[in-house]
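Engineer: Okay, so here is run.cif, and as you'll see once you scroll down, it has mmCIF, C-alpha atoms.
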data_run
#
loop_
_atom_site.group_PDB
_atom_site.id
_atom_site.type_symbol
_atom_site.label_atom_id
_atom_site.label_comp_id
_atom_site.auth_asym_id
_atom_site.auth_seq_id
_atom_site.Cartn_x
_atom_site.Cartn_y
_atom_site.Cartn_z
ATOM 1 C CA MET A 220 84.094 73.997 78.991
ATOM 2 C CA ASN A 221 84.027 70.344 80.066
ATOM 3 C CA VAL A 222 86.472 70.143 82.985
ATOM 4 C CA SER A 223 87.464 66.723 84.300
ATOM 5 C CA TYR A 224 88.829 65.829 87.734
ATOM 6 C CA VAL A 225 89.401 62.113 87.266
ATOM 7 C CA VAL A 226 91.428 62.381 84.043
ATOM 8 C CA PRO A 227 94.082 64.686 85.591
ATOM 9 C CA LEU A 228 94.329 62.306 88.541
ATOM 10 C CA ARG A 229 94.873 59.359 86.208
ATOM 11 C CA SER A 230 97.490 61.305 84.262
ATOM 12 C CA ALA A 231 99.283 62.292 87.467
ATOM 13 C CA TRP A 232 99.225 58.671 88.656
ATOM 14 C CA SER A 233 100.583 57.431 85.308
ATOM 15 C CA ARG A 234 103.357 60.029 85.447
ATOM 16 C CA MET A 235 104.283 58.828 88.935
ATOM 17 C CA LEU A 236 104.436 55.204 87.762
ATOM 18 C CA ARG A 237 106.728 56.114 84.870
ATOM 19 C CA MET A 238 109.052 58.121 87.092
ATOM 20 C CA LEU A 239 109.309 55.753 90.060
ATOM 21 C CA PHE A 240 108.613 52.235 88.848
ATOM 22 C CA ARG A 241 109.419 52.045 85.114
ATOM 23 C CA PRO A 242 112.102 51.194 85.934
ATOM 24 C CA PHE A 243 112.577 51.271 89.700
ATOM 25 C CA GLN A 244 115.846 53.046 90.553
ATOM 26 C CA ILE A 245 116.731 53.716 94.169
ATOM 27 C CA GLU A 246 118.900 56.729 93.285
ATOM 28 C CA VAL A 247 115.904 58.372 91.591
ATOM 29 C CA TRP A 248 113.823 57.819 94.726
ATOM 30 C CA LEU A 249 116.522 59.315 96.945
ATOM 31 C CA VAL A 250 116.970 62.440 94.797
ATOM 32 C CA LEU A 251 113.250 62.986 94.227
ATOM 33 C CA GLY A 252 112.617 62.319 97.901
ATOM 34 C CA PHE A 253 115.009 65.109 98.793
ATOM 35 C CA GLY A 254 113.218 67.415 96.366
ATOM 36 C CA ALA A 255 109.894 66.516 97.996
ATOM 37 C CA PHE A 256 111.462 67.143 101.406
ATOM 38 C CA LEU A 257 112.546 70.651 100.359
ATOM 39 C CA SER A 258 109.176 71.389 98.767
ATOM 40 C CA GLU A 259 106.612 69.896 101.114
ATOM 41 C CA TYR A 260 108.128 68.810 104.426
ATOM 42 C CA LEU A 261 109.647 72.201 105.218
ATOM 43 C CA SER A 262 106.340 73.849 104.305
ATOM 44 C CA TRP A 263 104.399 71.783 106.827
ATOM 45 C CA GLY A 264 106.724 72.430 109.761
ATOM 46 C CA PHE A 265 108.664 70.100 111.973
ATOM 47 C CA PRO A 266 107.245 66.693 112.852
ATOM 48 C CA GLY A 267 107.237 67.430 116.536
ATOM 49 C CA SER A 268 104.527 70.035 115.946
ATOM 50 C CA ARG A 269 102.176 67.360 114.614
ATOM 51 C CA PHE A 270 101.995 65.433 117.849
ATOM 52 C CA GLY A 271 100.588 66.663 121.105
ATOM 53 C CA PHE A 272 101.518 65.690 124.637
ATOM 54 C CA ARG A 273 99.632 65.165 127.831
ATOM 55 C CA PRO A 274 101.016 66.863 130.960
ATOM 56 C CA HIS A 275 101.645 64.747 134.026
ATOM 57 C CA HIS A 276 99.926 67.211 136.330
ATOM 58 C CA ARG A 277 97.114 69.665 135.891
ATOM 59 C CA ALA A 278 97.314 73.306 136.937
ATOM 60 C CA PHE A 279 94.407 75.723 136.884
ATOM 61 C CA PRO A 280 94.758 78.469 134.249
ATOM 62 C CA HIS A 281 95.120 81.230 136.829
ATOM 63 C CA GLU A 282 97.993 79.355 138.481
ATOM 64 C CA ALA A 283 99.735 78.801 135.168
ATOM 65 C CA LEU A 284 99.266 82.464 134.275
ATOM 66 C CA ARG A 285 100.733 83.597 137.581
ATOM 67 C CA ARG A 286 103.780 81.382 137.108
ATOM 68 C CA ALA A 287 104.268 82.686 133.574
ATOM 69 C CA VAL A 288 104.081 86.316 134.749
ATOM 70 C CA ASP A 289 106.583 85.646 137.533
ATOM 71 C CA PHE A 290 108.927 83.996 135.047
ATOM 72 C CA LEU A 291 108.733 86.930 132.621
ATOM 73 C CA ARG A 292 109.431 89.426 135.396
ATOM 74 C CA ASN A 293 112.812 87.814 135.816
ATOM 75 C CA PRO A 294 115.307 89.492 133.416
ATOM 76 C CA PHE A 295 116.894 86.143 132.662
ATOM 77 C CA GLY A 296 113.494 84.663 131.843
ATOM 78 C CA MET A 297 112.606 87.576 129.574
ATOM 79 C CA MET A 298 115.922 87.308 127.711
ATOM 80 C CA LEU A 299 115.449 83.570 127.312
ATOM 81 C CA VAL A 300 111.961 84.012 125.874
ATOM 82 C CA LEU A 301 113.131 86.732 123.466
ATOM 83 C CA TRP A 302 116.054 84.596 122.318
ATOM 84 C CA ILE A 303 113.753 81.628 121.690
ATOM 85 C CA VAL A 304 111.275 83.805 119.758
ATOM 86 C CA VAL A 305 113.994 85.340 117.562
ATOM 87 C CA ALA A 306 115.635 81.955 116.908
ATOM 88 C CA ALA A 307 112.286 80.352 116.065
ATOM 89 C CA LEU A 308 111.383 83.216 113.717
ATOM 90 C CA ALA A 309 114.756 83.013 111.950
ATOM 91 C CA LEU A 310 114.414 79.242 111.560
ATOM 92 C CA PHE A 311 110.874 79.624 110.250
ATOM 93 C CA LEU A 312 111.967 82.179 107.630
ATOM 94 C CA LEU A 313 114.892 79.976 106.597
ATOM 95 C CA CYS A 314 112.577 76.994 106.104
ATOM 96 C CA MET A 315 110.161 79.149 104.116
ATOM 97 C CA TRP A 316 112.966 80.407 101.878
ATOM 98 C CA ILE A 317 114.308 76.902 101.221
ATOM 99 C CA SER A 318 110.859 75.429 100.618
ATOM 100 C CA SER A 319 110.009 78.241 98.173
ATOM 101 C CA ARG A 320 112.969 77.219 96.023
ATOM 102 C CA GLY A 321 112.211 73.565 96.667
ATOM 103 C CA LYS A 322 108.701 73.864 95.245
ATOM 104 C CA PHE A 323 110.139 74.776 91.856
ATOM 105 C CA ILE A 324 112.814 72.081 92.059
ATOM 106 C CA PHE A 325 110.226 69.391 92.750
ATOM 107 C CA LEU A 326 107.898 70.741 90.047
ATOM 108 C CA ASP A 327 110.768 70.839 87.555
ATOM 109 C CA ASN A 328 111.616 67.207 88.301
ATOM 110 C CA VAL A 329 108.004 66.070 87.942
ATOM 111 C CA ALA A 330 107.332 68.123 84.810
ATOM 112 C CA ARG A 331 110.452 66.869 83.044
ATOM 113 C CA GLU A 332 110.282 63.358 84.573
ATOM 114 C CA ARG A 333 113.826 63.475 85.819
ATOM 115 C CA SER A 334 115.661 63.866 89.119
ATOM 116 C CA GLY A 335 118.020 66.701 89.941
ATOM 117 C CA ILE A 336 118.713 69.172 92.724
ATOM 118 C CA VAL A 337 121.801 71.314 92.114
ATOM 119 C CA GLU A 338 121.113 72.499 88.556
ATOM 120 C CA PRO A 339 117.442 73.496 89.095
ATOM 121 C CA TRP A 340 118.383 75.054 92.458
ATOM 122 C CA ARG A 341 120.593 77.518 90.594
ATOM 123 C CA ARG A 342 118.390 77.955 87.539
ATOM 124 C CA LEU A 343 115.175 78.611 89.474
ATOM 125 C CA LYS A 344 116.678 81.031 91.987
ATOM 126 C CA ARG A 345 114.720 84.087 90.831
ATOM 127 C CA LEU A 346 111.379 82.285 90.879
ATOM 128 C CA GLY A 347 112.043 80.854 94.321
ATOM 129 C CA ASN A 348 112.951 84.248 95.763
ATOM 130 C CA SER A 349 109.823 85.816 94.262
ATOM 131 C CA LEU A 350 107.654 83.095 95.772
ATOM 132 C CA PHE A 351 109.351 83.554 99.156
ATOM 133 C CA ARG A 352 108.627 87.281 99.169
ATOM 134 C CA TRP A 353 104.975 86.683 98.255
ATOM 135 C CA ARG A 354 104.520 84.017 100.928
ATOM 136 C CA LEU A 355 106.147 86.257 103.512
ATOM 137 C CA ALA A 356 103.883 89.194 102.638
ATOM 138 C CA PHE A 357 100.811 86.954 102.663
ATOM 139 C CA GLY A 358 101.797 85.553 106.041
ATOM 140 C CA ILE A 359 102.145 89.052 107.486
ATOM 141 C CA VAL A 360 98.718 90.037 106.113
ATOM 142 C CA CYS A 361 97.135 86.916 107.622
ATOM 143 C CA LEU A 362 98.830 87.623 110.949
ATOM 144 C CA VAL A 363 97.519 91.182 111.004
ATOM 145 C CA VAL A 364 93.957 90.193 110.020
ATOM 146 C CA PHE A 365 93.682 87.288 112.434
ATOM 147 C CA GLY A 366 95.322 89.349 115.168
ATOM 148 C CA ALA A 367 92.886 92.225 114.685
ATOM 149 C CA ILE A 368 89.973 89.821 115.042
ATOM 150 C CA LEU A 369 91.518 88.110 118.056
ATOM 151 C CA LEU A 370 92.401 91.314 119.916
ATOM 152 C CA PRO A 371 88.900 92.110 121.293
ATOM 153 C CA PHE A 372 88.665 88.604 122.727
ATOM 154 C CA LEU A 373 91.998 88.752 124.556
ATOM 155 C CA ALA A 374 90.587 90.796 127.418
ATOM 156 C CA SER A 375 87.754 88.316 127.918
ATOM 157 C CA LEU A 376 90.158 85.413 127.718
ATOM 158 C CA ALA A 377 92.475 87.003 130.281
ATOM 159 C CA ALA A 378 89.546 87.601 132.645
ATOM 160 C CA ILE A 379 88.480 83.975 132.299
ATOM 161 C CA VAL A 380 91.955 82.693 133.024
ATOM 162 C CA ARG A 381 92.290 84.929 136.109
ATOM 163 C CA GLU A 382 89.084 83.604 137.652
ATOM 164 C CA GLU A 383 89.659 81.425 140.688
ATOM 165 C CA THR A 384 86.603 79.308 139.880
ATOM 166 C CA PHE A 385 87.445 78.425 136.289
ATOM 167 C CA ALA A 386 85.023 76.165 134.414
ATOM 168 C CA PRO A 387 85.259 74.900 130.818
ATOM 169 C CA ALA A 388 81.800 76.381 130.150
ATOM 170 C CA ASN A 389 83.341 79.831 130.510
ATOM 171 C CA LEU A 390 85.104 79.282 127.210
ATOM 172 C CA LEU A 391 81.785 79.593 125.386
ATOM 173 C CA VAL A 392 82.516 83.303 125.232
ATOM 174 C CA LEU A 393 85.045 82.419 122.529
ATOM 175 C CA LEU A 394 82.434 80.744 120.312
ATOM 176 C CA PRO A 395 81.921 83.859 118.130
ATOM 177 C CA LEU A 396 85.690 83.913 117.571
ATOM 178 C CA ALA A 397 85.601 80.410 116.119
ATOM 179 C CA MET A 398 82.687 81.371 113.871
ATOM 180 C CA MET A 399 84.672 84.345 112.570
ATOM 181 C CA PHE A 400 87.847 82.337 112.032
ATOM 182 C CA LEU A 401 86.086 79.591 110.040
ATOM 183 C CA PRO A 402 85.395 81.550 106.808
ATOM 184 C CA LEU A 403 88.804 83.205 106.979
ATOM 185 C CA GLY A 404 90.402 79.808 107.395
ATOM 186 C CA ILE A 405 88.581 78.479 104.340
ATOM 187 C CA VAL A 406 89.666 81.448 102.222
ATOM 188 C CA THR A 407 93.257 81.096 103.428
ATOM 189 C CA ALA A 408 93.261 77.379 102.646
ATOM 190 C CA TYR A 409 92.010 78.041 99.106
ATOM 191 C CA VAL A 410 94.648 80.733 98.547
ATOM 192 C CA LEU A 411 97.432 78.375 99.627
ATOM 193 C CA LEU A 412 96.010 75.537 97.520
ATOM 194 C CA PHE A 413 95.766 77.738 94.430
ATOM 195 C CA LEU A 414 99.268 79.047 95.056
ATOM 196 C CA THR A 415 100.852 75.597 95.091
ATOM 197 C CA SER A 416 98.656 73.901 92.500
ATOM 198 C CA PHE A 417 98.315 76.649 89.894
ATOM 199 C CA VAL A 418 100.280 79.848 90.553
ATOM 200 C CA VAL A 419 103.629 78.109 91.028
ATOM 201 C CA PRO A 420 103.188 76.169 87.740
ATOM 202 C CA ILE A 421 102.256 79.396 85.936
ATOM 203 C CA MET A 422 105.359 81.076 87.343
ATOM 204 C CA TYR A 423 107.444 78.129 86.172
ATOM 205 C CA ARG A 424 105.828 77.937 82.726
ATOM 206 C CA HIS A 425 106.177 81.616 81.829
ATOM 207 C CA ASP A 426 109.067 82.706 84.082
ATOM 208 C CA LEU A 427 106.831 85.190 85.915
ATOM 209 C CA THR A 428 106.969 86.728 89.360
ATOM 210 C CA ALA A 429 104.434 85.537 91.912
ATOM 211 C CA THR A 430 102.330 88.685 91.584
ATOM 212 C CA ALA A 431 102.230 88.492 87.775
ATOM 213 C CA ALA A 432 101.357 84.788 87.903
ATOM 214 C CA TRP A 433 98.514 85.511 90.326
ATOM 215 C CA GLY A 434 97.177 88.088 87.880
ATOM 216 C CA ARG A 435 97.138 85.532 85.081
ATOM 217 C CA PHE A 436 95.513 82.888 87.258
ATOM 218 C CA LEU A 437 92.837 85.233 88.600
ATOM 219 C CA GLY A 438 91.764 85.955 85.031
ATOM 220 C CA LEU A 439 91.259 82.225 84.529
ATOM 221 C CA LEU A 440 89.518 81.913 87.913
ATOM 222 C CA ARG A 441 86.974 84.561 86.939
ATOM 223 C CA GLN A 442 86.109 82.535 83.842
ATOM 224 C CA GLU A 443 85.774 79.169 85.614
ATOM 225 C CA PRO A 444 85.147 79.866 89.331
ATOM 226 C CA LEU A 445 83.110 76.730 90.044
ATOM 227 C CA SER A 446 85.696 74.472 88.409
ATOM 228 C CA PHE A 447 88.392 75.637 90.793
ATOM 229 C CA ILE A 448 86.112 75.640 93.849
ATOM 230 C CA PHE A 449 85.179 72.020 93.117
ATOM 231 C CA TYR A 450 88.875 71.270 92.630
ATOM 232 C CA GLY A 451 89.454 72.304 96.236
ATOM 233 C CA LEU A 452 86.649 69.978 97.394
ATOM 234 C CA PHE A 453 88.085 67.195 95.218
ATOM 235 C CA VAL A 454 91.502 67.617 96.818
ATOM 236 C CA LEU A 455 89.889 67.624 100.258
ATOM 237 C CA VAL A 456 88.214 64.273 99.545
ATOM 238 C CA LEU A 457 91.490 62.818 98.258
ATOM 239 C CA ALA A 458 93.415 64.130 101.267
ATOM 240 C CA THR A 459 90.841 62.633 103.627
ATOM 241 C CA GLY A 460 91.144 59.241 101.967
ATOM 242 C CA VAL A 461 94.935 59.356 101.993
ATOM 243 C CA GLY A 462 94.944 60.454 105.620
ATOM 244 C CA ALA A 463 92.673 57.557 106.578
ATOM 245 C CA ALA A 464 94.903 55.089 104.710
ATOM 246 C CA VAL A 465 98.067 56.444 106.336
ATOM 247 C CA PHE A 466 96.416 56.283 109.750
ATOM 248 C CA ALA A 467 95.398 52.666 109.135
ATOM 249 C CA VAL A 468 98.925 51.725 108.074
ATOM 250 C CA GLY A 469 100.403 53.513 111.072
ATOM 251 C CA MET A 470 98.096 51.747 113.496
ATOM 252 C CA GLY A 471 98.616 48.426 111.726
ATOM 253 C CA THR A 472 102.368 48.712 112.225
ATOM 254 C CA CYS A 473 102.017 49.512 115.941
ATOM 255 C CA CYS A 474 102.844 53.202 115.291
ATOM 256 C CA ILE A 475 106.180 52.329 113.652
ATOM 257 C CA GLY A 476 104.856 53.848 110.432
ATOM 258 C CA PHE A 477 104.059 57.101 112.230
ATOM 259 C CA ILE A 478 107.593 57.246 113.596
ATOM 260 C CA LEU A 479 109.172 56.649 110.175
ATOM 261 C CA LEU A 480 106.953 59.240 108.495
ATOM 262 C CA GLY A 481 107.914 61.760 111.173
ATOM 263 C CA VAL A 482 111.635 61.389 110.470
ATOM 264 C CA PRO A 483 112.869 64.194 108.161
ATOM 265 C CA TYR A 484 113.635 63.044 104.614
ATOM 266 C CA VAL A 485 112.813 59.394 105.414
ATOM 267 C CA GLY A 486 109.110 60.234 105.481
ATOM 268 C CA SER A 487 109.410 62.070 102.171
ATOM 269 C CA VAL A 488 111.001 59.046 100.488
ATOM 270 C CA LEU A 489 108.386 56.656 101.886
ATOM 271 C CA MET A 490 105.542 58.938 100.765
ATOM 272 C CA LEU A 491 107.151 59.712 97.393
ATOM 273 C CA PRO A 492 104.470 58.033 95.203
ATOM 274 C CA LEU A 493 101.805 60.160 96.841
ATOM 275 C CA GLU A 494 104.010 63.268 96.766
ATOM 276 C CA VAL A 495 104.734 62.943 93.037
ATOM 277 C CA THR A 496 101.070 62.290 92.239
ATOM 278 C CA ALA A 497 99.974 65.280 94.309
ATOM 279 C CA ARG A 498 102.588 67.534 92.713
ATOM 280 C CA ALA A 499 101.486 66.514 89.203
ATOM 281 C CA LEU A 500 97.735 66.759 89.905
ATOM 282 C CA GLY A 501 97.470 70.557 89.897
ATOM 283 C CA PRO A 502 99.469 71.076 86.676
ATOM 284 C CA GLU A 503 97.550 68.239 84.982
ATOM 285 C CA PHE A 504 94.261 69.904 85.929
ATOM 286 C CA LEU A 505 95.532 73.313 84.813
ATOM 287 C CA ALA A 506 96.662 71.936 81.445
ATOM 288 C CA GLN A 507 93.014 71.416 80.467
ATOM 289 C CA PHE A 508 92.682 75.189 79.992
ATOM 290 C CA GLY A 509 95.132 75.386 77.111
ATOM 291 C CA PRO A 510 98.804 74.925 76.242
ATOM 292 C CA ASP A 511 99.708 78.259 77.825
ATOM 293 C CA PHE A 512 98.879 76.739 81.204
ATOM 294 C CA SER A 513 100.693 73.440 80.703
ATOM 295 C CA VAL A 514 104.048 73.076 82.438
ATOM 296 C CA PHE A 515 104.574 69.857 80.508
ATOM 297 C CA ALA A 516 104.825 71.969 77.357
ATOM 298 C CA ALA A 517 107.540 74.132 78.891
ATOM 299 C CA PRO A 518 110.452 74.540 76.503
ATOM 300 C CA SER A 519 113.460 72.358 77.194
ATOM 301 C CA PRO A 520 116.981 73.801 77.287
ATOM 302 C CA ALA A 521 118.132 74.923 73.871
ATOM 303 C CA PRO A 522 119.925 72.164 71.943
ATOM 304 C CA PRO A 523 123.582 72.661 71.067
ATOM 305 C CA ALA A 524 124.247 74.649 67.932
ATOM 306 C CA VAL A 525 124.539 72.550 64.798
ATOM 307 C CA SER A 526 127.857 72.984 63.023
ATOM 308 C CA PRO A 527 127.540 74.145 59.403
ATOM 309 C CA ALA A 528 127.665 71.469 56.737
ATOM 310 C CA PRO A 529 131.000 71.127 54.872
ATOM 311 C CA PRO A 530 131.090 72.727 51.419
ATOM 312 C CA SER A 531 130.119 70.536 48.490
ATOM 313 C CA PRO A 532 133.010 69.272 46.353
ATOM 314 C CA PRO A 533 133.336 70.936 42.939
ATOM 315 C CA ALA A 534 131.725 69.208 39.997
ATOM 316 C CA GLY A 535 133.891 66.614 38.375
ATOM 317 C CA GLY A 536 136.164 66.360 41.367
ATOM 318 C CA ASP A 537 136.787 62.652 40.726
ATOM 319 C CA GLY A 538 138.221 63.189 37.246
ATOM 320 C CA ALA A 539 141.744 62.047 36.371
#
Do you think you could lay out the structure here as structure tokens?
Structural biologist:
Amino acid sequence: MNVSYVVPLRSAWSRMLRMLFRPFQIEVWLVLGFGAFLSEYLSWGFPGSRFGFRPHHRAFPHEALRRAVDFLRNPFGMMLVLWIVVAALALFLLCMWISSRGKFIFLDNVARERSGIVEPWRRLKRLGNSLFRWRLAFGIVCLVVFGAILLPFLASLAAIVREETFAPANLLVLLPLAMMFLPLGIVTAYVLLFLTSFVVPIMYRHDLTATAAWGRFLGLLRQEPLSFIFYGLFVLVLATGVGAAVFAVGMGTCCIGFILLGVPYVGSVLMLPLEVTARALGPEFLAQFGPDFSVFAAPSPAPPAVSPAPPSPPAGGDGA
């Protein structure tokens, strides 16, 4: 099968132009921007997590560890840490639940070239909940696997931190850990990419649960493995180019662009052309494998019932 990567990108770009600029309507941008915010922004985390900070003073690791242990020995400190952990976990799960529904809302808007939030939020409830459960289970599996790999290194890391003569070269003991995390990270990235680009559209197209949609996609993946592997590399190249362009714009505006993009919802509206194109790219690529995989062929709501035609007048009804 001759699979194209450029044609789906052109189709996704043309779809974006029709939705956002032909004609340009600010209310469409605001509604679609909110859908993109629910779908993508809440999936990436809060903007504060994207920026680091530089401490004003430097403490050796063993000193920082001792202070942390002393703080946790205090009952008030332990309660504060537990409260923060529970609150952060609850907020994380809430964002995941909302973004799971939001992914279908945004896809529905792009597939039907319209803007709406309330109606698809209600209609796509079952699909969103199924996606949330799958993402939660996958996250737990990843946590267990990565934790099991990390556990043997924790003792070495603790010994390094406790040393009074700490040197950065001591961290070379963690080099095997990075080598083990790299392939797992690549596999995880591909799973998440396939989930958003292909599994979610299959769920939407056929009204399937996440597990059933994965089963249908894996059958297609076994037939065309290289096509989907190269799709991941293609997306990586596109993301690198977009990231470089955004960085250039941010630096060219004296970091004002970075600040605006970091503001919730505002950043989604400003990045809406890229968000719509990215959301349409996966379904456009998937549509090459047949109408069963095309969300753009999804049936529209049933038209209203047509009232029966009135009975014909009897023959000769105009006679005197």
Engineer: Give me the residues near range 355-369 of chain A as a compact mmCIF listing (two decimals) with C-alpha atoms, keeping the file's coordinate frame, where near means some atom within 12 Å (using all atoms listed in the file) and where sequence neighbours in that chain fewer than 3 positions away do not count.
Structural biologist:
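The resulting file, out-v2.txt, is shown below:
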# COMPACT_ATOMS: atom_id res chain seq x y z
CA LEU A 308 111.38 83.22 113.72
CA PHE A 311 110.87 79.62 110.25
CA LEU A 312 111.97 82.18 107.63
CA LEU A 313 114.89 79.98 106.60
CA CYS A 314 112.58 76.99 106.10
CA MET A 315 110.16 79.15 104.12
CA TRP A 316 112.97 80.41 101.88
CA SER A 319 110.01 78.24 98.17
CA ASN A 348 112.95 84.25 95.76
CA SER A 349 109.82 85.82 94.26
CA LEU A 350 107.65 83.10 95.77
CA PHE A 351 109.35 83.55 99.16
CA ARG A 352 108.63 87.28 99.17
CA PHE A 372 88.66 88.60 122.73
CA LEU A 373 92.00 88.75 124.56
CA ALA A 374 90.59 90.80 127.42
CA SER A 375 87.75 88.32 127.92
CA LEU A 376 90.16 85.41 127.72
CA LEU A 393 85.04 82.42 122.53
CA LEU A 394 82.43 80.74 120.31
CA PRO A 395 81.92 83.86 118.13
CA LEU A 396 85.69 83.91 117.57
CA ALA A 397 85.60 80.41 116.12
CA MET A 398 82.69 81.37 113.87
CA MET A 399 84.67 84.34 112.57
CA PHE A 400 87.85 82.34 112.03
CA LEU A 401 86.09 79.59 110.04
CA PRO A 402 85.40 81.55 106.81
CA LEU A 403 88.80 83.20 106.98
CA GLY A 404 90.40 79.81 107.40
CA VAL A 406 89.67 81.45 102.22
CA THR A 407 93.26 81.10 103.43
CA ALA A 408 93.26 77.38 102.65
CA VAL A 410 94.65 80.73 98.55
CA LEU A 411 97.43 78.38 99.63
CA LEU A 414 99.27 79.05 95.06
CA ALA A 429 104.43 85.54 91.91
CA THR A 430 102.33 88.68 91.58
Engineer: Give me the residues near Leu257 in chain A as a PyMOL selection string, where near means some atom within 10 Å (using all atoms listed in the file) and where sequence neighbours in that chain fewer than 5 positions away do not count.
Structural biologist: chain A and resi 251-252+262+314-325+336+484+487
Engineer: On this structure, which residues satisfy the PyMOL selection byres ((chain A and resi 223-240) around 10), written as a VMD selection string?
Structural biologist: chain A and resid 220 to 222 241 to 245 247 to 248 251 328 to 334 446 449 to 450 453 to 454 491 to 507
Engineer: Calculate how many Å separate CA of Thr428 in chain A from CA of Ile405 in chain A, rounding to one decimal.
Structural biologist: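 Result for CA of Thr428 in chain A versus CA of Ile405 in chain A: 25.1 Å, one decimal.
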Engineer: Tell me, in Å to one decimal, how far CA of Phe436 in chain A is from CA of Gly451 in chain A.
Structural biologist: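 One can read the CA of Phe436 in chain A to CA of Gly451 in chain A distance as 15.1 Å.
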Engineer: Of the candidates A:Ile475, A:Val485, A:Leu326, A:Val456, which shows the shortest atom-to-atom distance to Ser416 in chain A, using only C-alpha atoms?
Structural biologist: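 Closest residue, counting only C-alpha atoms: A:Leu326.
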Engineer: Please report the interatomic distance between CA of Val250 in chain A and CA of Val488 in chain A in Å with one decimal.
Structural biologist: 8.9 Å
